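Structure first, commentary second.
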Amino acid sequence: MTDQQVSFDTTVPHVARVLDYLQGGTANFEADRQAAEFAFANWPGGDVRVDIRGARAALVRIVRYLTAEAGIRQFLDIGTGLPTAQPVHEVAQRIAPESKVVYVDRDPVVIAHAHQLLAGIPTSSVAFIDGDMHDPEGILRDAAATLDFDRPVALVLFGILHFFTEEEDPARIMKTLLDAVPSGSYVAFSHFARADGDDAMDATFEQLNKQWGESVVRRTRSEAADLFFPGLEPVEPGVVELPDWRPDVAVTGPRPLPMWVGVARKP
């Protein structure tokens with residue numbers, strides 16, 4: 001991707017920049033900070049930062065599994081967000097230096113920071129593309145400059161499709177992505193969980209959806225599995241909450257709020 005001038009409305013919070021503020025970053029604006037402070041103050045169950053750390057830890061475990069055990073050497077990380085500790089390419093390349101990673105996001109601040117993060121890294125192994133999940137065909141076309149879609153690819157979809165309503169047809173998006181990768185490819189996802197009677201969480205997201213530039217759609221375990229894993233072979237332990245996906249040690253201390261996570265293989 002070439003450098004270009006981009007413009008955006010800094011008065012509208014963006015989830016990536018809200019998360020950046022909550023993690024102590026500086027790539028955010030006043031509207032993002034206000035939304036973050038609301039989330040922090042009203043988050044049901046305690047500290048929103050526990051949820052952020054839980055999601056990152058689960059992703060690291062999954063990338064380690066895909067690289068070390070499943071033998072994956074290509075990753076397409078869509079909706080990557082702002083750079084954080086242990087990005088996908090660092091985790092994968094520590095195990096297999098030949099691993100290739102393509103990051104995808106559309107937020108201008110994310111794009112600018114990604115260029116800084118990846119400066120000096122050959123684009124033949126790690127690349128960042130400006131892509132919109134509503135246009136999966138465009139993402140696949142651009143990613144093909146780095147990835148070989150005749151060989152297995154891991155599709156990493158962490159915290160992205162819960163911003164898509166049914167009217168936006170996320171199932172079509174998933175089918176397009178899955179049709180493009182061969183047998184032996186994998187899907188890894190996380191998605192905000194919904195449970196009956198969760199009134200506190202419902203109220204929080206109702207308010208957050210009014211502030212953010214996106215709206216969160218929470219789904220049940222079965223809804224998430226049907227969306228992400230159509231015709232795929234789930235990897236044990238299946239679709240579970242973040243701390244329960246192959247934890248390194250026994251899970252102790254505060255648990256993140258329910259977010260489904262899972263991995264599946266394309267037969």
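Order determines the names: the first chain of the structure tokens is A, the second B, and so forth; residues in each chain are numbered 1 upward, and ligands are numbered 1 upward as they are shown.
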Can you pull out every residue within 8 Å of stretch 89-100 of chain A, counting only C-alpha atoms, but drop anything in the same chain fewer than 6 positions away, and send it as number ranges by chain?
-> A: 60, 63-64, 67-68, 72-75, 124-126, 146-147
Store the residues picked out above, limited to all heavy atoms, as a tab-separated table (two decimals), in the first residue's frame.
```tsv
chain	number	residue	atom	x	y	z
A	60	VAL	N	-2.76	-15.24	21.02
A	60	VAL	CA	-1.38	-15.71	21.04
A	60	VAL	C	-1.35	-17.24	21.14
A	60	VAL	O	-0.59	-17.91	20.42
A	60	VAL	CB	-0.60	-15.07	22.21
A	60	VAL	CG1	0.76	-15.76	22.41
A	60	VAL	CG2	-0.39	-13.59	21.95
A	63	VAL	N	-2.37	-18.69	17.69
A	63	VAL	CA	-1.33	-18.56	16.66
A	63	VAL	C	-0.21	-19.56	16.93
A	63	VAL	O	0.33	-20.18	15.99
A	63	VAL	CB	-0.80	-17.12	16.59
A	63	VAL	CG1	0.39	-17.03	15.65
A	63	VAL	CG2	-1.90	-16.17	16.13
A	64	ARG	N	0.14	-19.75	18.20
A	64	ARG	CA	1.16	-20.76	18.52
A	64	ARG	C	0.69	-22.14	18.08
A	64	ARG	O	1.47	-22.92	17.50
A	64	ARG	CB	1.45	-20.74	20.03
A	64	ARG	CG	2.25	-19.55	20.51
A	64	ARG	CD	2.98	-19.87	21.81
A	64	ARG	NE	2.11	-20.46	22.81
A	64	ARG	CZ	1.66	-19.81	23.90
A	64	ARG	NH1	1.99	-18.55	24.11
A	64	ARG	NH2	0.89	-20.41	24.76
A	67	THR	N	0.73	-22.50	14.23
A	67	THR	CA	2.09	-22.56	13.67
A	67	THR	C	2.80	-23.84	14.08
A	67	THR	O	3.33	-24.58	13.24
A	67	THR	CB	2.91	-21.34	14.12
A	67	THR	OG1	2.18	-20.15	13.88
A	67	THR	CG2	4.22	-21.27	13.37
A	68	ALA	N	2.82	-24.13	15.38
A	68	ALA	CA	3.63	-25.23	15.90
A	68	ALA	C	2.98	-26.59	15.69
A	68	ALA	O	3.68	-27.58	15.41
A	68	ALA	CB	3.91	-25.02	17.38
A	72	ILE	N	0.70	-24.32	9.98
A	72	ILE	CA	0.30	-23.20	9.14
A	72	ILE	C	1.47	-22.21	9.01
A	72	ILE	O	2.16	-21.91	10.00
A	72	ILE	CB	-0.94	-22.49	9.70
A	72	ILE	CG1	-2.15	-23.41	9.59
A	72	ILE	CG2	-1.20	-21.17	9.01
A	72	ILE	CD1	-2.58	-23.71	8.17
A	73	ARG	N	1.66	-21.70	7.81
A	73	ARG	CA	2.74	-20.74	7.55
A	73	ARG	C	2.22	-19.46	6.90
A	73	ARG	O	3.01	-18.59	6.54
A	73	ARG	CB	3.81	-21.37	6.65
A	73	ARG	CG	4.52	-22.58	7.28
A	73	ARG	CD	5.31	-22.16	8.52
A	73	ARG	NE	6.02	-23.28	9.12
A	73	ARG	CZ	5.56	-24.01	10.13
A	73	ARG	NH1	4.36	-23.73	10.64
A	73	ARG	NH2	6.26	-24.99	10.65
A	74	GLN	N	0.89	-19.35	6.76
A	74	GLN	CA	0.31	-18.15	6.16
A	74	GLN	C	-0.90	-17.71	6.98
A	74	GLN	O	-1.76	-18.54	7.32
A	74	GLN	CB	-0.14	-18.42	4.72
A	74	GLN	CG	0.98	-18.87	3.79
A	74	GLN	CD	0.50	-18.91	2.35
A	74	GLN	OE1	0.86	-18.08	1.53
A	74	GLN	NE2	-0.36	-19.88	2.04
A	75	PHE	N	-0.95	-16.41	7.30
A	75	PHE	CA	-2.02	-15.87	8.12
A	75	PHE	C	-2.62	-14.63	7.44
A	75	PHE	O	-1.87	-13.76	6.98
A	75	PHE	CB	-1.49	-15.47	9.50
A	75	PHE	CG	-0.98	-16.62	10.32
A	75	PHE	CD1	0.29	-17.13	10.11
A	75	PHE	CD2	-1.78	-17.21	11.29
A	75	PHE	CE1	0.77	-18.19	10.86
A	75	PHE	CE2	-1.31	-18.27	12.05
A	75	PHE	CZ	-0.04	-18.77	11.84
A	124	SER	N	7.37	-9.08	1.45
A	124	SER	CA	7.20	-10.45	0.98
A	124	SER	C	6.83	-11.39	2.11
A	124	SER	O	6.33	-12.50	1.88
A	124	SER	CB	8.48	-10.95	0.32
A	124	SER	OG	9.57	-10.90	1.23
A	125	SER	N	7.05	-10.96	3.37
A	125	SER	CA	6.73	-11.82	4.51
A	125	SER	C	5.64	-11.24	5.40
A	125	SER	O	4.85	-11.99	5.98
A	125	SER	CB	7.98	-12.10	5.35
A	125	SER	OG	8.51	-10.91	5.88
A	126	VAL	N	5.58	-9.92	5.53
A	126	VAL	CA	4.55	-9.27	6.36
A	126	VAL	C	4.08	-8.03	5.62
A	126	VAL	O	4.87	-7.19	5.21
A	126	VAL	CB	5.09	-8.87	7.75
A	126	VAL	CG1	3.96	-8.26	8.59
A	126	VAL	CG2	5.68	-10.06	8.47
A	146	THR	N	0.98	-11.30	-1.35
A	146	THR	CA	1.89	-11.85	-0.34
A	146	THR	C	1.62	-13.33	-0.06
A	146	THR	O	2.56	-14.10	0.13
A	146	THR	CB	1.76	-11.06	0.98
A	146	THR	OG1	2.04	-9.68	0.73
A	146	THR	CG2	2.71	-11.59	2.04
A	147	LEU	N	0.36	-13.71	-0.05
A	147	LEU	CA	-0.02	-15.07	0.31
A	147	LEU	C	-0.31	-15.92	-0.92
A	147	LEU	O	-0.80	-15.42	-1.94
A	147	LEU	CB	-1.27	-15.05	1.20
A	147	LEU	CG	-1.20	-14.20	2.47
A	147	LEU	CD1	-2.52	-14.28	3.23
A	147	LEU	CD2	-0.04	-14.62	3.36
```
Among the residues of stretch 64-157 of chain A, find those DSSP assigns to strand (DSSP E) from the backbone and print them as a PyMOL selection string.
-> chain A and resi 74-78+100-105+126-130+154-157
Could you dump the residues just selected with N, CA, C and O atoms as a PDB file, in the first residue's frame?
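Result went into result-v1.pdb, see below:
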```pdb
ATOM      1  N   GLN A  74       0.894 -19.345   6.758  1.00  0.00           N
ATOM      2  CA  GLN A  74       0.311 -18.150   6.158  1.00  0.00           C
ATOM      3  C   GLN A  74      -0.899 -17.715   6.983  1.00  0.00           C
ATOM      4  O   GLN A  74      -1.763 -18.540   7.321  1.00  0.00           O
ATOM      5  N   PHE A  75      -0.951 -16.414   7.296  1.00  0.00           N
ATOM      6  CA  PHE A  75      -2.019 -15.873   8.119  1.00  0.00           C
ATOM      7  C   PHE A  75      -2.618 -14.634   7.443  1.00  0.00           C
ATOM      8  O   PHE A  75      -1.874 -13.762   6.983  1.00  0.00           O
ATOM      9  N   LEU A  76      -3.937 -14.578   7.410  1.00  0.00           N
ATOM     10  CA  LEU A  76      -4.654 -13.398   6.942  1.00  0.00           C
ATOM     11  C   LEU A  76      -5.464 -12.877   8.118  1.00  0.00           C
ATOM     12  O   LEU A  76      -6.489 -13.449   8.496  1.00  0.00           O
ATOM     13  N   ASP A  77      -4.975 -11.807   8.750  1.00  0.00           N
ATOM     14  CA  ASP A  77      -5.548 -11.252   9.975  1.00  0.00           C
ATOM     15  C   ASP A  77      -6.402 -10.042   9.602  1.00  0.00           C
ATOM     16  O   ASP A  77      -5.886  -8.962   9.308  1.00  0.00           O
ATOM     17  N   ILE A  78      -7.725 -10.221   9.609  1.00  0.00           N
ATOM     18  CA  ILE A  78      -8.650  -9.186   9.146  1.00  0.00           C
ATOM     19  C   ILE A  78      -9.256  -8.466  10.345  1.00  0.00           C
ATOM     20  O   ILE A  78      -9.793  -9.093  11.257  1.00  0.00           O
ATOM     21  N   LYS A 100       4.292 -16.123   6.777  1.00  0.00           N
ATOM     22  CA  LYS A 100       3.862 -14.891   6.140  1.00  0.00           C
ATOM     23  C   LYS A 100       2.542 -14.427   6.760  1.00  0.00           C
ATOM     24  O   LYS A 100       1.665 -15.250   7.047  1.00  0.00           O
ATOM     25  N   VAL A 101       2.425 -13.118   6.943  1.00  0.00           N
ATOM     26  CA  VAL A 101       1.231 -12.555   7.577  1.00  0.00           C
ATOM     27  C   VAL A 101       0.790 -11.331   6.787  1.00  0.00           C
ATOM     28  O   VAL A 101       1.609 -10.467   6.450  1.00  0.00           O
ATOM     29  N   VAL A 102      -0.514 -11.267   6.508  1.00  0.00           N
ATOM     30  CA  VAL A 102      -1.113 -10.063   5.934  1.00  0.00           C
ATOM     31  C   VAL A 102      -2.129  -9.535   6.932  1.00  0.00           C
ATOM     32  O   VAL A 102      -3.049 -10.255   7.338  1.00  0.00           O
ATOM     33  N   TYR A 103      -1.946  -8.292   7.343  1.00  0.00           N
ATOM     34  CA  TYR A 103      -2.886  -7.609   8.225  1.00  0.00           C
ATOM     35  C   TYR A 103      -3.843  -6.767   7.381  1.00  0.00           C
ATOM     36  O   TYR A 103      -3.445  -6.184   6.367  1.00  0.00           O
ATOM     37  N   VAL A 104      -5.091  -6.682   7.845  1.00  0.00           N
ATOM     38  CA  VAL A 104      -6.101  -5.907   7.123  1.00  0.00           C
ATOM     39  C   VAL A 104      -6.869  -5.033   8.101  1.00  0.00           C
ATOM     40  O   VAL A 104      -7.333  -5.512   9.142  1.00  0.00           O
ATOM     41  N   ASP A 105      -6.980  -3.743   7.786  1.00  0.00           N
ATOM     42  CA  ASP A 105      -7.836  -2.839   8.550  1.00  0.00           C
ATOM     43  C   ASP A 105      -8.165  -1.659   7.652  1.00  0.00           C
ATOM     44  O   ASP A 105      -7.525  -1.464   6.618  1.00  0.00           O
ATOM     45  N   VAL A 126       5.577  -9.923   5.535  1.00  0.00           N
ATOM     46  CA  VAL A 126       4.551  -9.269   6.362  1.00  0.00           C
ATOM     47  C   VAL A 126       4.077  -8.034   5.617  1.00  0.00           C
ATOM     48  O   VAL A 126       4.870  -7.190   5.211  1.00  0.00           O
ATOM     49  N   ALA A 127       2.768  -7.936   5.441  1.00  0.00           N
ATOM     50  CA  ALA A 127       2.209  -6.797   4.713  1.00  0.00           C
ATOM     51  C   ALA A 127       0.955  -6.305   5.419  1.00  0.00           C
ATOM     52  O   ALA A 127       0.323  -7.029   6.199  1.00  0.00           O
ATOM     53  N   PHE A 128       0.612  -5.060   5.150  1.00  0.00           N
ATOM     54  CA  PHE A 128      -0.618  -4.470   5.676  1.00  0.00           C
ATOM     55  C   PHE A 128      -1.392  -3.893   4.510  1.00  0.00           C
ATOM     56  O   PHE A 128      -0.823  -3.158   3.690  1.00  0.00           O
ATOM     57  N   ILE A 129      -2.679  -4.221   4.429  1.00  0.00           N
ATOM     58  CA  ILE A 129      -3.502  -3.676   3.355  1.00  0.00           C
ATOM     59  C   ILE A 129      -4.699  -2.940   3.940  1.00  0.00           C
ATOM     60  O   ILE A 129      -5.235  -3.307   4.988  1.00  0.00           O
ATOM     61  N   ASP A 130      -5.073  -1.882   3.253  1.00  0.00           N
ATOM     62  CA  ASP A 130      -6.258  -1.091   3.591  1.00  0.00           C
ATOM     63  C   ASP A 130      -7.454  -1.809   2.989  1.00  0.00           C
ATOM     64  O   ASP A 130      -7.679  -1.771   1.776  1.00  0.00           O
ATOM     65  N   ALA A 154      -4.440 -19.475   7.407  1.00  0.00           N
ATOM     66  CA  ALA A 154      -5.259 -19.278   8.603  1.00  0.00           C
ATOM     67  C   ALA A 154      -5.951 -17.924   8.496  1.00  0.00           C
ATOM     68  O   ALA A 154      -5.286 -16.895   8.375  1.00  0.00           O
ATOM     69  N   LEU A 155      -7.271 -17.950   8.505  1.00  0.00           N
ATOM     70  CA  LEU A 155      -8.057 -16.724   8.532  1.00  0.00           C
ATOM     71  C   LEU A 155      -8.270 -16.342   9.988  1.00  0.00           C
ATOM     72  O   LEU A 155      -8.905 -17.079  10.749  1.00  0.00           O
ATOM     73  N   VAL A 156      -7.723 -15.204  10.399  1.00  0.00           N
ATOM     74  CA  VAL A 156      -7.841 -14.735  11.784  1.00  0.00           C
ATOM     75  C   VAL A 156      -8.871 -13.620  11.810  1.00  0.00           C
ATOM     76  O   VAL A 156      -8.662 -12.551  11.229  1.00  0.00           O
ATOM     77  N   LEU A 157      -9.988 -13.876  12.474  1.00  0.00           N
ATOM     78  CA  LEU A 157     -11.112 -12.939  12.505  1.00  0.00           C
ATOM     79  C   LEU A 157     -11.468 -12.648  13.959  1.00  0.00           C
ATOM     80  O   LEU A 157     -12.528 -13.038  14.454  1.00  0.00           O
TER      81      LEU A 157
END
```
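One finds atom CA of A:Gly184 at 23.9 Å from atom CA of A:Asp135.
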If you count only C-alpha atoms, which residues fall within 10 Å of stretch 247-249 of chain A, apart from same-chain ones fewer than 5 positions away, as an NGL selection string?
-> :A and (57-58 or 61 or 242)
Residues within 8 Å of A:Thr11, only C-alpha atoms, excluding chain neighbours under 2 positions, as a count of residues only | 5
Run DSSP on the backbone and grab whatever in stretch 31-263 of chain A lands in alpha helix (DSSP H); send it over as a count of residues only.
-> 91
Please provide the set of residues having any atom within 12 Å of A:Val187, restricted to only C-alpha atoms, with same-chain residues fewer than 5 positions apart removed, written as a ChimeraX atom specification.
-> /A:59,62-63,66,70,72,74-78,152-158,174-175,177-178,181-182,225,227-235,238-239,261-267
